[in-house]
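Participant: The following file, run23.txt, comprises compact mmCIF, C-alpha atoms and all ligand atoms:
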```
# COMPACT_ATOMS: atom_id res chain seq x y z
CA MET A 1 113.98 106.75 85.62
CA ASP A 2 112.86 103.34 86.87
CA VAL A 3 112.90 102.83 90.63
CA ASN A 4 112.24 99.63 92.57
CA ILE A 5 110.85 99.97 96.10
CA VAL A 6 110.27 97.13 98.52
CA VAL A 7 107.73 97.53 101.34
CA MET A 8 108.42 95.28 104.35
CA GLY A 9 107.22 94.80 107.91
CA THR A 10 105.32 92.30 110.06
CA GLU A 11 101.71 91.29 109.73
CA SER A 12 98.93 93.87 109.60
CA VAL A 13 101.08 96.96 110.06
CA GLY A 14 99.53 98.53 106.94
CA LYS A 15 101.98 97.76 104.11
CA SER A 16 99.19 97.24 101.58
CA ALA A 17 97.20 100.15 102.98
CA LEU A 18 100.16 102.50 102.38
CA THR A 19 100.78 101.17 98.88
CA VAL A 20 97.13 101.29 97.84
CA ARG A 21 96.78 104.77 99.35
CA LEU A 22 99.63 105.99 97.15
CA LEU A 23 98.22 104.38 94.03
CA THR A 24 94.53 105.17 94.40
CA ARG A 25 94.45 107.92 97.06
CA ARG A 26 91.95 105.71 98.84
CA PHE A 27 91.84 103.68 102.04
CA ILE A 28 89.74 100.60 101.36
CA GLY A 29 90.03 98.97 104.79
CA GLU A 30 90.70 95.36 103.86
CA TYR A 31 93.44 94.11 101.57
CA GLY A 32 94.23 90.77 100.00
CA ASP A 33 97.31 88.85 101.10
CA ILE A 34 98.96 88.37 97.73
CA GLU A 35 102.52 89.02 96.66
CA SER A 36 102.20 92.00 94.32
CA ILE A 37 104.27 94.43 92.35
CA TYR A 38 102.52 97.65 91.44
CA SER A 39 103.67 100.31 89.01
CA HIS A 40 103.10 103.99 89.44
CA SER A 41 104.49 106.97 87.50
CA PHE A 42 104.82 110.60 88.45
CA MET A 43 106.80 113.65 87.38
CA VAL A 44 109.63 115.18 89.41
CA ASP A 45 111.41 118.26 88.06
CA GLY A 46 110.04 117.56 84.57
CA ARG A 47 111.31 114.00 84.63
CA GLU A 48 109.12 110.92 84.68
CA ILE A 49 109.77 108.58 87.58
CA SER A 50 108.38 105.09 87.25
CA LEU A 51 107.98 103.34 90.60
CA ASN A 52 107.75 99.57 90.91
CA ILE A 53 106.48 98.79 94.41
CA TRP A 54 106.83 95.27 95.79
CA ASP A 55 104.28 94.71 98.52
CA SER A 56 104.38 91.31 100.17
CA PRO A 57 102.32 89.84 102.98
CA TYR A 58 104.33 88.92 106.06
CA SER A 59 105.31 85.28 106.12
CA GLU A 60 106.30 83.13 109.10
CA ASP A 61 107.85 80.57 106.76
CA SER A 62 111.52 81.27 107.29
CA SER A 63 112.95 79.09 104.49
CA MET A 64 110.67 80.68 101.90
CA GLU A 65 111.33 84.05 103.46
CA THR A 66 115.11 83.72 103.17
CA SER A 67 115.25 83.24 99.39
CA LEU A 68 112.50 85.75 98.81
CA PHE A 69 114.24 88.15 101.12
CA GLU A 70 117.50 87.92 99.17
CA LYS A 71 115.61 88.45 95.93
CA LYS A 72 114.04 91.58 97.34
CA VAL A 73 117.35 93.00 98.49
CA GLN A 74 118.89 92.26 95.09
CA TRP A 75 115.98 93.97 93.33
CA ALA A 76 115.48 96.99 95.58
CA ASP A 77 116.70 100.53 94.96
CA GLY A 78 115.05 101.63 98.19
CA TYR A 79 113.16 100.26 101.19
CA ILE A 80 110.09 101.25 103.15
CA LEU A 81 110.04 99.42 106.49
CA VAL A 82 106.69 99.69 108.21
CA TYR A 83 105.63 99.18 111.83
CA SER A 84 102.44 100.04 113.67
CA ILE A 85 102.71 102.59 116.49
CA CYS A 86 100.35 100.28 118.45
CA ASP A 87 102.51 97.19 118.05
CA ARG A 88 105.87 97.16 119.76
CA ALA A 89 106.82 93.78 118.31
CA SER A 90 106.46 95.26 114.82
CA PHE A 91 108.81 98.09 115.79
CA ASN A 92 111.39 95.62 117.15
CA SER A 93 111.09 93.67 113.95
CA VAL A 94 111.88 96.77 111.84
CA SER A 95 114.97 97.29 113.93
CA ARG A 96 116.11 93.71 113.21
CA LEU A 97 115.17 94.03 109.55
CA ILE A 98 117.49 97.01 109.13
CA GLN A 99 120.41 95.02 110.51
CA THR A 100 119.58 92.06 108.27
CA ILE A 101 119.28 94.18 105.13
CA LYS A 102 122.49 96.02 105.89
CA SER A 103 124.43 92.80 106.37
CA THR A 104 123.17 91.22 103.15
CA LYS A 105 125.81 90.68 100.48
CA ASP A 106 123.78 92.33 97.73
CA TYR A 107 123.18 95.39 99.87
CA LEU A 108 126.86 95.77 100.71
CA ASN A 109 127.95 95.26 97.10
CA ALA A 110 125.49 97.74 95.63
CA ASP A 111 125.24 101.47 96.19
CA LYS A 112 123.61 101.49 99.58
CA ALA A 113 119.92 101.89 98.85
CA PRO A 114 118.12 104.36 101.13
CA ILE A 115 115.86 103.00 103.87
CA VAL A 116 112.80 104.79 105.21
CA ILE A 117 111.22 103.75 108.52
CA VAL A 118 107.47 104.37 108.70
CA GLY A 119 105.41 104.31 111.89
CA ASN A 120 101.85 103.75 110.63
CA LYS A 121 98.40 104.01 112.28
CA ARG A 122 99.07 107.41 113.76
CA ASP A 123 95.31 107.91 114.01
CA LEU A 124 95.26 105.24 116.76
CA HIS A 125 97.26 107.45 119.15
CA HIS A 126 95.14 106.33 122.16
CA ARG A 127 96.56 102.81 121.60
CA ARG A 128 100.12 103.95 121.00
CA THR A 129 102.89 101.79 122.49
CA VAL A 130 105.82 103.16 120.45
CA LEU A 131 106.76 106.81 120.95
CA SER A 132 107.61 109.00 117.94
CA GLU A 133 110.98 109.68 119.57
CA GLU A 134 111.83 105.99 119.51
CA GLY A 135 111.23 105.85 115.76
CA ARG A 136 113.26 109.00 115.24
CA LEU A 137 116.11 107.67 117.38
CA LEU A 138 116.18 104.35 115.54
CA ALA A 139 116.42 106.24 112.24
CA LEU A 140 119.21 108.42 113.57
CA ASN A 141 121.21 105.47 114.88
CA THR A 142 120.86 103.45 111.68
CA ASP A 143 121.26 106.25 109.15
CA CYS A 144 117.70 105.82 107.90
CA HIS A 145 114.85 108.30 107.46
CA PHE A 146 111.70 108.42 109.53
CA TYR A 147 108.03 109.31 109.05
CA GLU A 148 104.94 108.77 111.14
CA VAL A 149 101.75 108.50 109.10
CA SER A 150 98.20 107.26 108.99
CA ALA A 151 97.32 105.41 105.81
CA ALA A 152 93.73 105.48 107.03
CA GLU A 153 93.47 109.23 107.44
CA ASN A 154 95.99 110.97 105.27
CA TYR A 155 97.04 110.70 101.65
CA HIS A 156 99.64 113.48 101.70
CA SER A 157 101.80 112.03 104.46
CA VAL A 158 101.91 108.75 102.52
CA LEU A 159 102.86 110.61 99.36
CA MET A 160 105.69 112.28 101.32
CA VAL A 161 107.09 108.89 102.31
CA PHE A 162 107.39 107.64 98.74
CA HIS A 163 108.52 110.95 97.26
CA GLY A 164 111.00 111.42 100.10
CA LEU A 165 112.53 108.04 99.30
CA VAL A 166 112.74 108.79 95.58
CA ASP A 167 114.35 112.16 96.33
CA ARG A 168 117.09 110.34 98.22
CA MET A 169 117.66 108.06 95.26
CA LYS A 170 117.86 110.72 92.62
CA ASP A 171 121.54 111.31 93.14
CA ALA A 172 122.34 107.68 93.78
CA LYS A 173 123.76 105.76 90.89
CA LEU A 174 120.85 103.54 89.95
CA THR A 175 121.71 100.45 88.06
CA THR A 176 119.54 99.43 85.12
CA LYS A 177 116.41 97.62 86.10
CA LYS A 178 117.18 94.19 87.44
CA PRO A 179 115.24 91.22 86.07
CA LEU A 180 112.84 89.80 88.58
CA GLY A 181 112.52 86.17 87.45
CA PHE A 182 109.85 85.41 89.97
CA LYS A 183 106.66 83.70 88.88
CA GLY A 184 103.27 84.41 90.31
CA ILE A 185 103.65 88.08 90.98
CA VAL A 186 100.55 90.01 90.12
CA LYS A 187 101.29 93.27 88.41
CA SER A 188 98.01 95.05 88.71
CA MET A 189 95.59 96.52 91.16
CA SER A 190 92.80 94.25 89.94
CA ALA A 191 93.60 91.50 92.42
CA VAL A 192 93.15 93.81 95.38
CA PHE A 193 89.83 95.09 94.12
CA ALA A 194 88.64 91.68 92.92
CA ARG A 195 89.25 90.32 96.41
CA ARG A 196 87.39 93.22 97.95
CA ARG A 197 84.43 92.76 95.66
CA THR A 198 84.29 89.07 96.55
CA ASP A 199 84.41 89.89 100.27
CA SER A 200 81.53 92.30 100.06
CA PHE A 201 79.07 89.76 98.63
N1 LIG B 1 93.38 102.64 112.09
C1 LIG B 1 94.19 102.30 111.09
N2 LIG B 1 94.13 101.08 110.54
C2 LIG B 1 94.99 100.79 109.51
C3 LIG B 1 95.91 101.73 109.00
N3 LIG B 1 96.61 101.14 108.00
C4 LIG B 1 96.12 99.89 107.89
N4 LIG B 1 95.14 99.68 108.80
C5 LIG B 1 94.37 98.43 109.00
O1 LIG B 1 95.27 97.42 109.43
C6 LIG B 1 94.90 96.16 108.88
C7 LIG B 1 96.09 95.57 108.13
O2 LIG B 1 96.38 96.41 106.99
P1 LIG B 1 97.19 95.84 105.73
O3 LIG B 1 97.47 96.98 104.84
O4 LIG B 1 96.49 94.64 105.17
O5 LIG B 1 98.51 95.35 106.48
P2 LIG B 1 99.74 94.54 105.84
O6 LIG B 1 100.96 95.02 106.56
O7 LIG B 1 99.74 94.64 104.36
O8 LIG B 1 99.39 93.07 106.34
P3 LIG B 1 99.90 91.62 105.76
O9 LIG B 1 99.50 91.57 104.31
O10 LIG B 1 99.13 90.65 106.61
O11 LIG B 1 101.37 91.49 106.00
C8 LIG B 1 93.69 96.41 107.98
O12 LIG B 1 92.53 96.08 108.71
C9 LIG B 1 93.72 97.90 107.71
O13 LIG B 1 92.44 98.44 107.51
C10 LIG B 1 95.96 103.04 109.62
O14 LIG B 1 96.73 103.94 109.25
N5 LIG B 1 95.09 103.25 110.65
```
Go ahead and render the structure in this file as structure tokens.
Ligand SMILES: Nc1nc2c(ncn2[C@@H]2O[C@H](COP(=O)(O)OP(=O)(O)OP(=O)(O)O)[C@@H](O)[C@H]2O)c(=O)[nH]1
Facilitator:
Amino acid sequence: MDVNIVVMGTESVGKSALTVRLLTRRFIGEYGDIESIYSHSFMVDGREISLNIWDSPYSEDSSMETSLFEKKVQWADGYILVYSICDRASFNSVSRLIQTIKSTKDYLNADKAPIVIVGNKRDLHHRRTVLSEEGRLLALNTDCHFYEVSAAENYHSVLMVFHGLVDRMKDAKLTTKKPLGFKGIVKSMSAVFARRRTDSF
């Protein structure tokens, strides 16, 4: 089964950190700001699940963001919306993002793809400005799912986020993989590591 997941959220909330943690089990600290689609396969109940994860840096450019946003919604079978527990604006943005996704034509026309809300940076609890209860309540009110994790400290909680989302899709009628038609997307981990190597010299 092929599954497309889009990871969204404002700047520096840890979208790449979560994605790279899933793929490599590692937290590398600094991540490039490139639009990337990563592939990752794993077995569930004897069946191979192939995940395509679209991780994009946050962009302030609204015109670019609109067309890209629609493309993402058209492509996605599921969403991971990330905020930082230390950044209230990022939480408010997730709340708005849910409304925007849910009102998009492609979302309404398709089988409603599951949405998972993720509060990241749980290790920074001394700087917390968003309570766990607020995340949970938002999920309850919007019919989404909720996790609080630390990409920096914990691989298993990150794994739970992605597997939890796939579990919710298993019964959903997934359409055949939609063509992407978007140039310039890097489909490998090499860019992340190449960037890191460059930075360290
Ligand atoms: N303490 C802590 N820092 C984290 C965690 N996750 C990410 N970071 C840090 O937060 C910063 C931003 O992480 P990224 O993964 O690049 O965030 P992003 O959401 O992909 O950012 P953009 O690409 O700018 O949209 C980096 O310095 C990471 O090391 C976490 O769980 N805990």
Participant: Mind dumping a table of every range 14-53 of chain A residue within 6 Å of range 132-156 of chain A, with the nearest atom pair and its distance in Å to one decimal, using all atoms listed in the file, sorted by chain and rising number, as CSV?
Facilitator:
```
residue,atom,partner,partner_atom,distance
A:Ala17,CA,A:Ala151,CA,6.0
A:Leu18,CA,A:Ala151,CA,5.3
A:Arg25,CA,A:Tyr155,CA,6.0
A:Phe27,CA,A:Ala152,CA,5.6
```
Participant: To one decimal in Å, tell me the separation between atom N3 of ligand LIG 1 (chain B) and CA of Met43 in chain A.
Facilitator: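 Distance reported for this atom pair: 26.2 Å.
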Participant: First collect every listed atom of ligand LIG 1 (chain B); then fit an axis-aligned box around them, widen it by 4 Å on each side, and give centre and edge lengths in Å to one decimal, as AutoDock Vina command-line options.
Facilitator:
```
--center_x 96.9 --center_y 97.3 --center_z 108.2 --size_x 16.9 --size_y 21.3 --size_z 15.8
```
Participant: Compare A:Ser36, A:Val161, A:Leu124, A:Met8 by their minimum atom-to-atom distance to Ile98 in chain A, counting only C-alpha atoms, and give me the closest one.
Facilitator: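 Closest candidate: A:Met8.
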Participant: Considering all atoms listed in the file, can you say which of A:Val3, A:Val94, A:Ile28, A:Ile101 comes closest to ligand LIG 1 (chain B)?
Facilitator: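 Under the stated criterion, the closest residue is A:Ile28.
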Participant: If the limit is 7 Å from any atom of ligand LIG 1 (chain B), counting only C-alpha atoms and all ligand atoms, which residues qualify? Return them as a count of residues only.
Facilitator: 28
Participant: Output requested as a short mmCIF file (atom, residue, chain, number, x, y, z; two decimals), in the coordinates of the input - range 32-43 of chain A, filled out with N, CA and C atoms.
Facilitator:
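So the final result, stored in part-v4.cif, reads:
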```
data_model
loop_
_atom_site.label_atom_id
_atom_site.label_comp_id
_atom_site.auth_asym_id
_atom_site.auth_seq_id
_atom_site.Cartn_x
_atom_site.Cartn_y
_atom_site.Cartn_z
N GLY A 32 93.90 92.18 100.22
CA GLY A 32 94.23 90.77 100.00
C GLY A 32 95.64 90.47 100.50
N ASP A 33 95.95 89.19 100.66
CA ASP A 33 97.31 88.85 101.10
C ASP A 33 98.06 88.18 99.96
N ILE A 34 98.24 88.92 98.88
CA ILE A 34 98.96 88.37 97.73
C ILE A 34 100.25 89.14 97.52
N GLU A 35 101.24 88.42 97.03
CA GLU A 35 102.52 89.02 96.66
C GLU A 35 102.27 89.87 95.41
N SER A 36 102.55 91.16 95.47
CA SER A 36 102.20 92.00 94.32
C SER A 36 103.29 93.02 94.02
N ILE A 37 103.43 93.29 92.72
CA ILE A 37 104.27 94.43 92.35
C ILE A 37 103.38 95.41 91.59
N TYR A 38 103.35 96.62 92.06
CA TYR A 38 102.52 97.65 91.44
C TYR A 38 103.42 98.67 90.76
N SER A 39 102.91 99.25 89.68
CA SER A 39 103.67 100.31 89.01
C SER A 39 102.92 101.62 89.12
N HIS A 40 103.70 102.68 89.26
CA HIS A 40 103.10 103.99 89.44
C HIS A 40 104.09 105.04 88.91
N SER A 41 103.60 105.95 88.06
CA SER A 41 104.49 106.97 87.50
C SER A 41 104.11 108.36 87.97
N PHE A 42 105.10 109.19 88.16
CA PHE A 42 104.82 110.60 88.45
C PHE A 42 106.00 111.44 87.98
N MET A 43 105.77 112.75 87.90
CA MET A 43 106.80 113.65 87.38
C MET A 43 107.52 114.35 88.53
#
```
